[in-house]
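Visitor: Take a look at data-v3.txt, compact mmCIF, C-alpha atoms and all ligand atoms:
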```txt
# COMPACT_ATOMS: atom_id res chain seq x y z
CA MET A 17 -92.41 184.33 -44.43
CA LYS A 18 -91.89 185.02 -40.73
CA ARG A 19 -89.88 181.91 -40.13
CA PHE A 20 -87.54 182.79 -42.99
CA LEU A 21 -86.74 186.21 -41.60
CA PRO A 22 -83.82 185.00 -39.47
CA PHE A 23 -82.34 183.34 -42.54
CA LEU A 24 -82.75 186.51 -44.54
CA CYS A 25 -81.05 188.50 -41.83
CA CYS A 26 -78.13 186.06 -41.66
CA LEU A 27 -77.78 186.29 -45.38
CA LEU A 28 -77.75 190.05 -45.39
CA PHE A 29 -75.14 189.91 -42.71
CA LEU A 30 -72.95 187.64 -44.79
CA ALA A 31 -73.47 189.83 -47.79
CA GLY A 32 -72.51 192.79 -45.64
CA CYS A 33 -69.30 191.13 -44.65
CA THR A 34 -68.27 190.17 -48.11
CA ALA A 35 -66.33 193.07 -49.51
CA ALA A 36 -67.74 194.18 -52.83
CA PRO A 37 -65.40 194.45 -55.78
CA ASP A 38 -64.33 197.84 -56.97
CA ALA A 39 -66.01 198.03 -60.33
CA ALA A 40 -69.36 197.15 -61.87
CA GLU A 41 -72.57 196.24 -60.09
CA PRO A 42 -73.07 192.47 -60.05
CA ALA A 43 -75.98 190.58 -61.55
CA GLN A 44 -77.65 189.19 -58.46
CA ALA A 45 -80.60 187.13 -57.29
CA GLN A 46 -81.92 186.05 -53.93
CA PHE A 47 -84.37 183.16 -53.79
CA PHE A 48 -85.72 180.36 -51.64
CA SER A 49 -84.75 176.80 -52.56
CA MET A 50 -83.81 173.60 -50.71
CA ASP A 51 -85.63 174.95 -47.66
CA THR A 52 -83.26 177.88 -47.27
CA VAL A 53 -82.45 181.33 -48.61
CA MET A 54 -79.89 181.42 -51.40
CA SER A 55 -78.11 184.20 -53.19
CA ILE A 56 -75.96 184.36 -56.27
CA ARG A 57 -73.90 187.34 -57.37
CA VAL A 58 -72.07 187.33 -60.65
CA TYR A 59 -69.51 190.06 -61.28
CA SER A 60 -68.32 189.03 -64.74
CA GLU A 61 -69.75 190.92 -67.66
CA GLY A 62 -73.02 189.60 -69.09
CA GLY A 63 -73.59 187.72 -65.88
CA GLU A 64 -77.41 187.85 -65.94
CA ASP A 65 -77.86 184.85 -68.28
CA ALA A 66 -75.28 182.79 -66.43
CA LEU A 67 -76.94 183.63 -63.14
CA GLN A 68 -80.38 182.51 -64.38
CA ALA A 69 -78.87 179.26 -65.70
CA ALA A 70 -77.24 178.59 -62.32
CA ARG A 71 -80.47 179.33 -60.48
CA GLN A 72 -82.39 176.96 -62.75
CA GLU A 73 -79.81 174.27 -62.12
CA ILE A 74 -80.29 174.61 -58.35
CA GLU A 75 -84.08 174.67 -58.58
CA GLY A 76 -84.01 171.60 -60.82
CA LEU A 77 -81.86 169.75 -58.30
CA ASP A 78 -84.23 170.74 -55.50
CA LYS A 79 -87.04 169.04 -57.44
CA LEU A 80 -84.96 165.88 -57.84
CA LEU A 81 -83.59 165.70 -54.31
CA SER A 82 -86.31 166.98 -51.98
CA ARG A 83 -87.73 164.40 -49.59
CA THR A 84 -90.88 166.42 -49.07
CA ASP A 85 -91.72 166.72 -52.79
CA PRO A 86 -93.72 163.57 -53.60
CA ASP A 87 -92.56 163.74 -57.23
CA SER A 88 -88.83 163.81 -56.44
CA GLN A 89 -86.41 161.00 -57.17
CA ILE A 90 -85.73 160.65 -53.45
CA SER A 91 -89.45 160.20 -52.74
CA LEU A 92 -89.53 157.55 -55.46
CA LEU A 93 -86.61 155.71 -53.86
CA ASN A 94 -88.13 156.02 -50.38
CA SER A 95 -91.54 154.80 -51.55
CA HIS A 96 -90.01 151.49 -52.60
CA ALA A 97 -88.15 150.82 -49.35
CA GLY A 98 -88.29 147.14 -48.47
CA ASP A 99 -90.23 145.98 -51.55
CA GLY A 100 -87.12 144.73 -53.35
CA THR A 101 -87.33 147.14 -56.30
CA LEU A 102 -84.05 148.44 -57.68
CA VAL A 103 -85.28 151.96 -58.46
CA ALA A 104 -83.94 153.49 -61.68
CA LEU A 105 -82.72 157.03 -60.93
CA ASP A 106 -81.12 159.97 -62.62
CA ASP A 107 -77.32 159.57 -62.97
CA GLN A 108 -76.50 162.53 -60.80
CA VAL A 109 -78.80 161.35 -58.01
CA VAL A 110 -77.05 157.97 -58.04
CA GLN A 111 -73.64 159.67 -57.90
CA LEU A 112 -74.75 161.76 -54.94
CA LEU A 113 -76.13 158.70 -53.10
CA SER A 114 -72.89 156.87 -53.73
CA PHE A 115 -70.84 159.80 -52.46
CA ALA A 116 -73.03 160.11 -49.35
CA LYS A 117 -72.57 156.42 -48.62
CA SER A 118 -68.80 156.80 -48.91
CA VAL A 119 -68.82 159.69 -46.42
CA SER A 120 -70.39 157.35 -43.84
CA GLN A 121 -67.22 155.24 -44.04
CA LEU A 122 -64.80 158.16 -43.71
CA VAL A 123 -65.49 158.92 -40.05
CA PRO A 124 -67.56 155.95 -38.88
CA GLY A 125 -70.71 156.61 -36.87
CA CYS A 126 -71.04 160.32 -37.71
CA PHE A 127 -72.83 160.67 -41.03
CA ASP A 128 -75.78 158.72 -42.37
CA ILE A 129 -78.30 159.87 -44.98
CA THR A 130 -80.79 157.22 -43.80
CA ILE A 131 -81.26 159.40 -40.69
CA ALA A 132 -84.68 160.57 -42.04
CA PRO A 133 -86.93 158.51 -39.69
CA VAL A 134 -85.06 160.00 -36.72
CA MET A 135 -85.49 163.54 -38.10
CA ASP A 136 -89.22 162.75 -38.33
CA ALA A 137 -89.32 161.38 -34.76
CA TRP A 138 -87.96 164.74 -33.55
CA GLY A 139 -90.51 166.58 -35.69
CA PHE A 140 -87.83 168.44 -37.64
CA THR A 141 -89.62 167.65 -40.88
CA THR A 142 -93.07 168.86 -39.84
CA GLU A 143 -92.03 171.91 -37.79
CA GLU A 144 -93.81 170.31 -34.81
CA ARG A 145 -90.58 169.78 -32.98
CA HIS A 146 -90.52 167.77 -29.77
CA VAL A 147 -88.40 165.29 -27.82
CA PRO A 148 -89.53 161.85 -29.01
CA SER A 149 -90.52 159.09 -26.58
CA ALA A 150 -87.78 156.50 -25.98
CA GLN A 151 -89.96 153.99 -27.79
CA ASP A 152 -90.49 156.14 -30.89
CA LEU A 153 -86.81 156.99 -31.06
CA ALA A 154 -85.76 153.35 -30.70
CA ALA A 155 -88.18 152.37 -33.48
CA ALA A 156 -86.79 155.09 -35.77
CA MET A 157 -83.21 154.08 -34.97
CA THR A 158 -83.78 150.53 -36.26
CA LEU A 159 -84.24 152.13 -39.70
CA VAL A 160 -80.93 154.03 -39.76
CA ASP A 161 -78.23 152.13 -41.63
CA SER A 162 -76.79 153.34 -44.93
CA GLY A 163 -75.27 149.85 -45.25
CA LYS A 164 -78.81 148.89 -46.27
CA LEU A 165 -78.86 151.45 -49.05
CA THR A 166 -77.72 149.64 -52.19
CA VAL A 167 -76.37 151.92 -54.91
CA ASP A 168 -75.76 150.40 -58.33
CA GLU A 169 -73.86 152.99 -60.35
CA ALA A 170 -73.60 150.79 -63.46
CA ALA A 171 -77.39 150.37 -63.57
CA SER A 172 -77.99 153.96 -62.38
CA ALA A 173 -80.31 152.70 -59.68
CA ALA A 174 -80.64 152.30 -55.91
CA ARG A 175 -82.61 150.31 -53.37
CA LEU A 176 -83.49 150.64 -49.68
CA GLU A 177 -83.42 147.14 -48.22
CA GLN A 178 -85.77 147.60 -45.26
CA ALA A 179 -89.39 148.80 -45.16
CA GLY A 180 -89.72 152.18 -43.47
CA MET A 181 -86.19 153.33 -44.35
CA GLU A 182 -85.89 156.78 -45.90
CA VAL A 183 -83.09 158.87 -47.32
CA ASP A 184 -82.70 162.57 -46.40
CA LEU A 185 -80.05 164.50 -48.31
CA GLY A 186 -80.27 167.64 -46.16
CA ALA A 187 -76.61 167.41 -45.21
CA VAL A 188 -75.23 167.23 -48.78
CA ALA A 189 -77.78 168.57 -51.25
CA LYS A 190 -76.74 172.22 -50.96
CA GLY A 191 -73.08 171.39 -51.44
CA PHE A 192 -73.93 169.24 -54.43
CA ALA A 193 -76.07 172.05 -55.87
CA ALA A 194 -73.24 174.53 -55.26
CA GLY A 195 -70.86 172.34 -57.24
CA ARG A 196 -73.29 172.12 -60.15
CA ALA A 197 -74.13 175.84 -60.11
CA ASP A 198 -70.41 176.62 -59.98
CA ALA A 199 -69.87 174.44 -63.06
CA VAL A 200 -72.76 176.10 -64.93
CA LEU A 201 -71.39 179.58 -64.20
CA ARG A 202 -67.89 178.65 -65.34
CA GLU A 203 -69.22 177.02 -68.52
CA GLN A 204 -70.82 180.39 -69.29
CA GLY A 205 -67.49 182.11 -68.91
CA VAL A 206 -67.97 183.53 -65.41
CA THR A 207 -64.67 184.20 -63.66
CA SER A 208 -65.87 186.19 -60.65
CA ALA A 209 -68.91 185.22 -58.58
CA LEU A 210 -70.20 184.48 -55.09
CA LEU A 211 -72.87 181.91 -54.22
CA ASP A 212 -74.41 181.56 -50.80
CA LEU A 213 -76.62 178.48 -50.61
CA GLY A 214 -77.84 178.64 -47.03
CA GLY A 215 -74.53 178.71 -45.22
CA ASN A 216 -72.50 177.17 -48.00
CA VAL A 217 -70.53 180.03 -49.52
CA THR A 218 -68.86 179.21 -52.83
CA THR A 219 -66.45 181.63 -54.47
CA ILE A 220 -65.53 181.70 -58.13
CA GLY A 221 -62.21 183.31 -58.92
CA SER A 222 -61.39 186.50 -57.07
CA LYS A 223 -62.87 189.98 -56.82
CA LEU A 224 -62.64 192.08 -59.97
CA ASP A 225 -59.63 193.92 -58.55
CA GLY A 226 -57.83 190.58 -58.29
CA SER A 227 -57.91 190.34 -54.51
CA ALA A 228 -59.46 187.39 -52.67
CA TRP A 229 -63.09 187.25 -51.53
CA GLN A 230 -63.57 188.01 -47.86
CA VAL A 231 -66.07 185.55 -46.38
CA ALA A 232 -67.27 185.82 -42.80
CA VAL A 233 -67.74 182.78 -40.58
CA LYS A 234 -70.67 183.51 -38.25
CA ASP A 235 -70.21 183.58 -34.51
CA PRO A 236 -72.46 180.65 -33.50
CA GLN A 237 -73.34 182.43 -30.25
CA ASN A 238 -74.13 185.71 -31.91
CA THR A 239 -74.96 185.07 -35.53
CA SER A 240 -75.10 188.70 -36.54
CA GLU A 241 -71.36 188.92 -35.80
CA ALA A 242 -68.35 187.32 -37.44
CA LEU A 243 -66.21 184.74 -35.67
CA CYS A 244 -63.50 185.30 -38.24
CA VAL A 245 -63.10 186.36 -41.85
CA LEU A 246 -61.50 184.11 -44.48
CA SER A 247 -59.78 185.08 -47.75
CA LEU A 248 -61.04 182.65 -50.36
CA GLU A 249 -60.57 182.09 -54.10
CA ASP A 250 -62.23 179.20 -55.94
CA GLN A 251 -63.20 177.61 -52.65
CA THR A 252 -66.29 176.83 -50.62
CA ALA A 253 -66.76 177.49 -46.93
CA SER A 254 -69.54 175.29 -45.54
CA THR A 255 -70.71 175.67 -41.95
CA SER A 256 -72.72 173.31 -39.79
CA GLY A 257 -73.87 174.52 -36.42
CA GLY A 258 -76.44 173.64 -33.80
CA TYR A 259 -77.72 177.22 -34.02
CA GLU A 260 -79.15 176.81 -37.55
CA ARG A 261 -82.30 174.86 -36.61
CA TYR A 262 -83.30 174.05 -33.07
CA PHE A 263 -86.07 174.14 -30.48
CA GLU A 264 -86.30 174.34 -26.72
CA GLU A 265 -88.18 171.99 -24.43
CA ASN A 266 -88.05 172.08 -20.61
CA GLY A 267 -85.12 174.48 -20.69
CA GLN A 268 -83.03 172.22 -22.94
CA THR A 269 -82.01 173.09 -26.49
CA TYR A 270 -82.21 170.44 -29.21
CA HIS A 271 -80.71 171.02 -32.65
CA HIS A 272 -81.01 169.35 -36.05
CA ILE A 273 -77.67 167.59 -36.44
CA ILE A 274 -78.17 164.09 -35.11
CA ASP A 275 -75.60 161.62 -33.83
CA PRO A 276 -76.54 158.48 -35.81
CA GLU A 277 -75.32 156.29 -32.94
CA THR A 278 -77.65 157.75 -30.29
CA GLY A 279 -80.46 159.36 -32.29
CA TYR A 280 -79.95 162.52 -30.19
CA PRO A 281 -78.63 165.90 -31.33
CA ALA A 282 -74.85 165.59 -31.46
CA GLY A 283 -73.17 166.90 -28.33
CA SER A 284 -69.55 166.55 -29.25
CA GLY A 285 -68.29 169.79 -27.76
CA LEU A 286 -68.60 171.91 -30.90
CA LEU A 287 -70.79 174.92 -31.58
CA SER A 288 -69.92 175.05 -35.26
CA VAL A 289 -67.66 173.55 -37.89
CA THR A 290 -66.64 175.32 -41.08
CA VAL A 291 -65.01 173.24 -43.78
CA ILE A 292 -63.07 175.03 -46.52
CA SER A 293 -62.45 173.04 -49.68
CA SER A 294 -62.31 173.42 -53.45
CA ASP A 295 -65.02 170.71 -53.54
CA PRO A 296 -68.37 172.17 -52.36
CA MET A 297 -70.04 168.77 -51.95
CA LEU A 298 -67.19 167.50 -49.79
CA ALA A 299 -67.26 170.70 -47.72
CA ASP A 300 -70.99 170.34 -47.02
CA ALA A 301 -70.85 166.64 -46.15
CA LEU A 302 -67.79 167.03 -43.94
CA SER A 303 -69.14 170.01 -42.02
CA THR A 304 -72.04 167.84 -40.80
CA THR A 305 -69.82 164.80 -40.24
CA LEU A 306 -67.16 166.63 -38.25
CA PHE A 307 -69.75 168.51 -36.18
CA VAL A 308 -70.89 165.08 -34.95
CA ALA A 309 -67.31 163.81 -34.62
CA GLY A 310 -66.13 166.55 -32.26
CA PRO A 311 -62.90 168.57 -32.15
CA GLU A 312 -60.30 165.86 -31.56
CA GLU A 313 -61.62 163.44 -34.14
CA ALA A 314 -62.16 166.30 -36.60
CA LEU A 315 -58.52 167.37 -36.31
CA ASP A 316 -57.27 163.77 -36.55
CA PHE A 317 -59.27 163.38 -39.74
CA TRP A 318 -57.96 166.69 -41.09
CA ARG A 319 -54.39 165.47 -40.48
CA SER A 320 -55.13 162.36 -42.54
CA ARG A 321 -56.18 164.39 -45.62
CA GLU A 322 -54.96 167.21 -47.84
CA ASP A 323 -58.23 168.37 -49.41
CA PHE A 324 -59.80 170.67 -46.82
CA GLU A 325 -59.17 173.08 -43.94
CA LEU A 326 -61.24 173.76 -40.82
CA VAL A 327 -62.49 176.46 -38.49
CA LEU A 328 -63.84 174.81 -35.31
CA CYS A 329 -65.70 176.75 -32.62
CA THR A 330 -65.83 174.76 -29.40
CA GLN A 331 -68.28 174.93 -26.52
CA ASP A 332 -65.47 176.18 -24.30
CA ASN A 333 -64.98 179.25 -26.55
CA ARG A 334 -61.92 178.15 -28.49
CA VAL A 335 -61.64 178.89 -32.20
CA ILE A 336 -59.33 176.34 -33.80
CA VAL A 337 -58.12 177.25 -37.30
CA THR A 338 -56.11 174.71 -39.30
CA GLU A 339 -52.73 175.86 -40.56
CA GLY A 340 -53.65 176.01 -44.25
CA LEU A 341 -55.83 179.04 -43.42
CA GLU A 342 -53.26 180.80 -41.29
CA ALA A 343 -52.19 183.35 -43.89
CA GLY A 344 -55.74 184.14 -45.03
CA TYR A 345 -57.83 184.49 -41.92
CA ARG A 346 -58.59 187.36 -39.53
CA PRO A 347 -60.10 186.86 -36.08
CA ALA A 348 -63.13 188.94 -35.04
CA ALA A 349 -62.29 192.60 -34.65
CA GLU A 350 -63.68 192.89 -31.12
CA ASP A 351 -63.01 190.58 -28.18
CA ARG A 352 -66.05 188.35 -27.56
CA GLY A 353 -64.32 185.93 -25.24
CA TYR A 354 -62.86 183.52 -27.79
CA THR A 355 -59.27 182.35 -27.87
CA TYR A 356 -57.89 181.66 -31.34
CA GLU A 357 -55.37 178.92 -32.01
CA ILE A 358 -53.76 177.37 -35.09
CA ALA A 359 -53.86 173.58 -35.42
CA ARG A 360 -50.73 172.07 -37.01
CA ARG A 361 -50.32 168.85 -38.92
P1 LIG B 1 -77.74 172.83 -42.69
O1 LIG B 1 -78.66 172.03 -43.55
O2 LIG B 1 -78.41 173.52 -41.56
O3 LIG B 1 -76.82 173.70 -43.48
P2 LIG B 1 -76.08 170.51 -42.41
O4 LIG B 1 -75.44 170.59 -43.73
O5 LIG B 1 -75.18 170.14 -41.29
O6 LIG B 1 -76.81 171.81 -41.97
O7 LIG B 1 -77.22 169.41 -42.54
C1 LIG B 1 -78.14 169.15 -41.53
C2 LIG B 1 -79.24 168.30 -42.11
O8 LIG B 1 -78.71 167.01 -42.47
C3 LIG B 1 -80.37 168.00 -41.15
O9 LIG B 1 -81.40 168.93 -41.30
C4 LIG B 1 -80.82 166.61 -41.58
O10 LIG B 1 -81.65 166.71 -42.70
C5 LIG B 1 -79.54 165.95 -42.01
N1 LIG B 1 -78.77 165.29 -40.94
C6 LIG B 1 -78.79 165.50 -39.60
N2 LIG B 1 -77.88 164.74 -38.96
C7 LIG B 1 -77.25 164.03 -39.93
C8 LIG B 1 -76.20 163.06 -39.91
N3 LIG B 1 -75.59 162.69 -38.78
N4 LIG B 1 -75.81 162.53 -41.10
C9 LIG B 1 -76.40 162.90 -42.26
N5 LIG B 1 -77.39 163.80 -42.34
C10 LIG B 1 -77.81 164.37 -41.20
MG MG B 2 -73.64 169.70 -44.39
```
If you convert what's in this file into structure tokens, what do you get?
Guide:
Amino acid sequence: MKRFLPFLCCLLFLAGCTAAPDAAEPAQAQFFSMDTVMSIRVYSEGGEDALQAARQEIEGLDKLLSRTDPDSQISLLNSHAGDGTLVALDDQVVQLLSFAKSVSQLVPGCFDITIAPVMDAWGFTTEERHVPSAQDLAAAMTLVDSGKLTVDEAASAARLEQAGMEVDLGAVAKGFAAGRADAVLREQGVTSALLDLGGNVTTIGSKLDGSAWQVAVKDPQNTSEALCVLSLEDQTASTSGGYERYFEENGQTYHHIIDPETGYPAGSGLLSVTVISSDPMLADALSTTLFVAGPEEALDFWRSREDFELVLCTQDNRVIVTEGLEAGYRPAAEDRGYTYEIARR
């Protein structure tokens, strides 16, 4: 439980920063799934049943998608790497694999779900974290190539072409789960709810008084404080930051978001990236991708699309907010040394 305490604290912080609606007490649950703390709060009447259905949906997806659960679909896929088997998989798993592959093409060299052997080399999977030897890292890197992940949507199946390859959906699973839980809640008639799936905050509708949800983006250098607060309705804010999971060795800090081109933690000049989108799965995948890409490439990519906005926190203490958020964001109340700027198209 000890190692989850920081997560719990972060969550309470976020909860604390999310203004409660005026009226009724929400139906709420806090639970551990997908290796992180999650919370769901439903403000619509009769929300308890909807909430339980959403929670079950998430827990079911965790069982399908977890790499560490030997009975998961991902373990099944991984266990057949290199043996030529086209592995029959659940439709939604195939869709997620296909989406993840497509993200690798969006900003080349930044996102790759076959990064698993490299995560293992760094010990991020076992909690025995360490800097890998050059040899071990090079060996792991020969296994990273989502071009060698074949996804056959028509057959609802997938195949890893090389022995030793493994898929790790850590960068997209929570966003995918948020999208499904959101759908379940809406199907049950929920019009006002907040989901926090380990740093992916999804809002349904608005607060009961009709005003927008107020969602805090954490200060990556002081995670009990807010970097800024966003007004959101029917949107997800997904944050990737080097501060989420890391270790120190010989005075150096190493975090869990890996540059697939080097095999090392991405050092692109960003401390955190928050992606705001009406598509939770896209928000989650892009937050990881753009953290690796760095500020310039992230903004270039933002200018090429219309389906998301960004809050970037750079290593040189700039907070760059894209113009679509301009009307609905507030910088931190107290001065903590950041300069805030609006990026224009
Ligand atoms: P978090 O899981 O902390 O919210 P992210 O969504 O950014 O953060 O996902 C990080 C996870 O994604 C890592 O723990 C690892 O499993 C996986 N991962 C790390 N680097 C990459 C990458 N470049 N592309 C795809 N997945 C990655
Ligand atoms: Mg992500």
Visitor: Listing only residues of chain A within 6 Å of ligand LIG 1 (chain B), what is the closest atom pair and its distance in Å (to one decimal) for each, using only C-alpha atoms and all ligand atoms, sorted by chain and residue number ascending, as CSV?
Guide:
```
residue,atom,partner,partner_atom,distance
A:Cys126,CA,B:LIG1,N3,5.2
A:Phe127,CA,B:LIG1,N4,3.5
A:Asp128,CA,B:LIG1,N4,4.0
A:Ile129,CA,B:LIG1,C9,4.5
A:Asp184,CA,B:LIG1,O10,5.7
A:Gly186,CA,B:LIG1,O10,3.8
A:Ala187,CA,B:LIG1,O7,3.4
A:Gly215,CA,B:LIG1,O3,5.8
A:Ser256,CA,B:LIG1,O5,4.3
A:Glu260,CA,B:LIG1,O2,5.2
A:His272,CA,B:LIG1,O9,5.3
A:Ile273,CA,B:LIG1,N2,3.8
A:Ile274,CA,B:LIG1,N2,3.9
A:Asp275,CA,B:LIG1,N3,5.1
A:Pro276,CA,B:LIG1,N3,5.2
A:Asp300,CA,B:LIG1,O4,5.5
A:Thr304,CA,B:LIG1,O5,3.9
```
Visitor: Work out how far CA of Glu249 (chain A) is from CA of Ala45 (chain A), in Å to one decimal.
Guide: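 Separation between CA of Ala45 (chain A) and CA of Glu249 (chain A): 20.9 Å.
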Visitor: Return the single residue from A:His271, A:Lys190, A:Lys117, A:Arg319 that is closest to ligand MG 2 (chain B), with distances computed using all atoms listed in the file.
Guide: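 Looking only at the distances to ligand MG 2 (chain B), the closest residue turns out to be A:Lys190.
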Visitor: Could you give me, as a VMD selection string, every polymer residue with an atom at most 10 Å away from an atom of ligand MG 2 (chain B), counting all atoms listed in the file?
Guide: chain A and resid 127 185 to 191 215 to 216 254 to 257 273 289 to 291 296 to 307
Visitor: Output as JSON the centre and edge lengths (Å, one decimal) of the box along x, y and z of the file that holds every listed atom of region 329-332 of chain A after adding 6 Å on each side.
Guide:
```
{"center_x": -66.9, "center_y": 175.8, "center_z": -28.5, "size_x": 14.8, "size_y": 14.0, "size_z": 20.3}
```
Visitor: Which residues are near Thr252 (chain A)? Cut-off 6 Å, all atoms listed in the file, ignore same chain within fewer than 6 positions. Put them as number ranges by chain.
Guide: A: 217-218, 292-294, 296
Visitor: By how many Å are CA of Ala43 (chain A) and CA of Gly63 (chain A) apart?
Guide: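 About the pair CA of Ala43 (chain A) and CA of Gly63 (chain A): they are 5.7 Å apart.
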Visitor: Work out how far CA of Leu210 (chain A) is from CA of Leu80 (chain A), in Å to one decimal.
Guide: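 So the two atoms, CA of Leu80 (chain A) and CA of Leu210 (chain A), lie 23.9 Å apart.
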Visitor: Find the residues around Leu243 (chain A) up to 6 Å (all atoms listed in the file counted), leave out those fewer than 3 positions away in its own chain, and share them as a PyMOL selection string.
Guide: chain A and resi 233-235+348
Visitor: Deliver the residues from the most recent selection as a file, using C-alpha atoms, as an mmCIF file, keeping the file's coordinate frame.
Guide:
```
data_model
loop_
_atom_site.group_PDB
_atom_site.id
_atom_site.type_symbol
_atom_site.label_atom_id
_atom_site.label_comp_id
_atom_site.auth_asym_id
_atom_site.auth_seq_id
_atom_site.Cartn_x
_atom_site.Cartn_y
_atom_site.Cartn_z
ATOM 1 C CA VAL A 233 -67.740 182.780 -40.580
ATOM 2 C CA LYS A 234 -70.670 183.510 -38.250
ATOM 3 C CA ASP A 235 -70.210 183.580 -34.510
ATOM 4 C CA ALA A 348 -63.130 188.940 -35.040
#
```
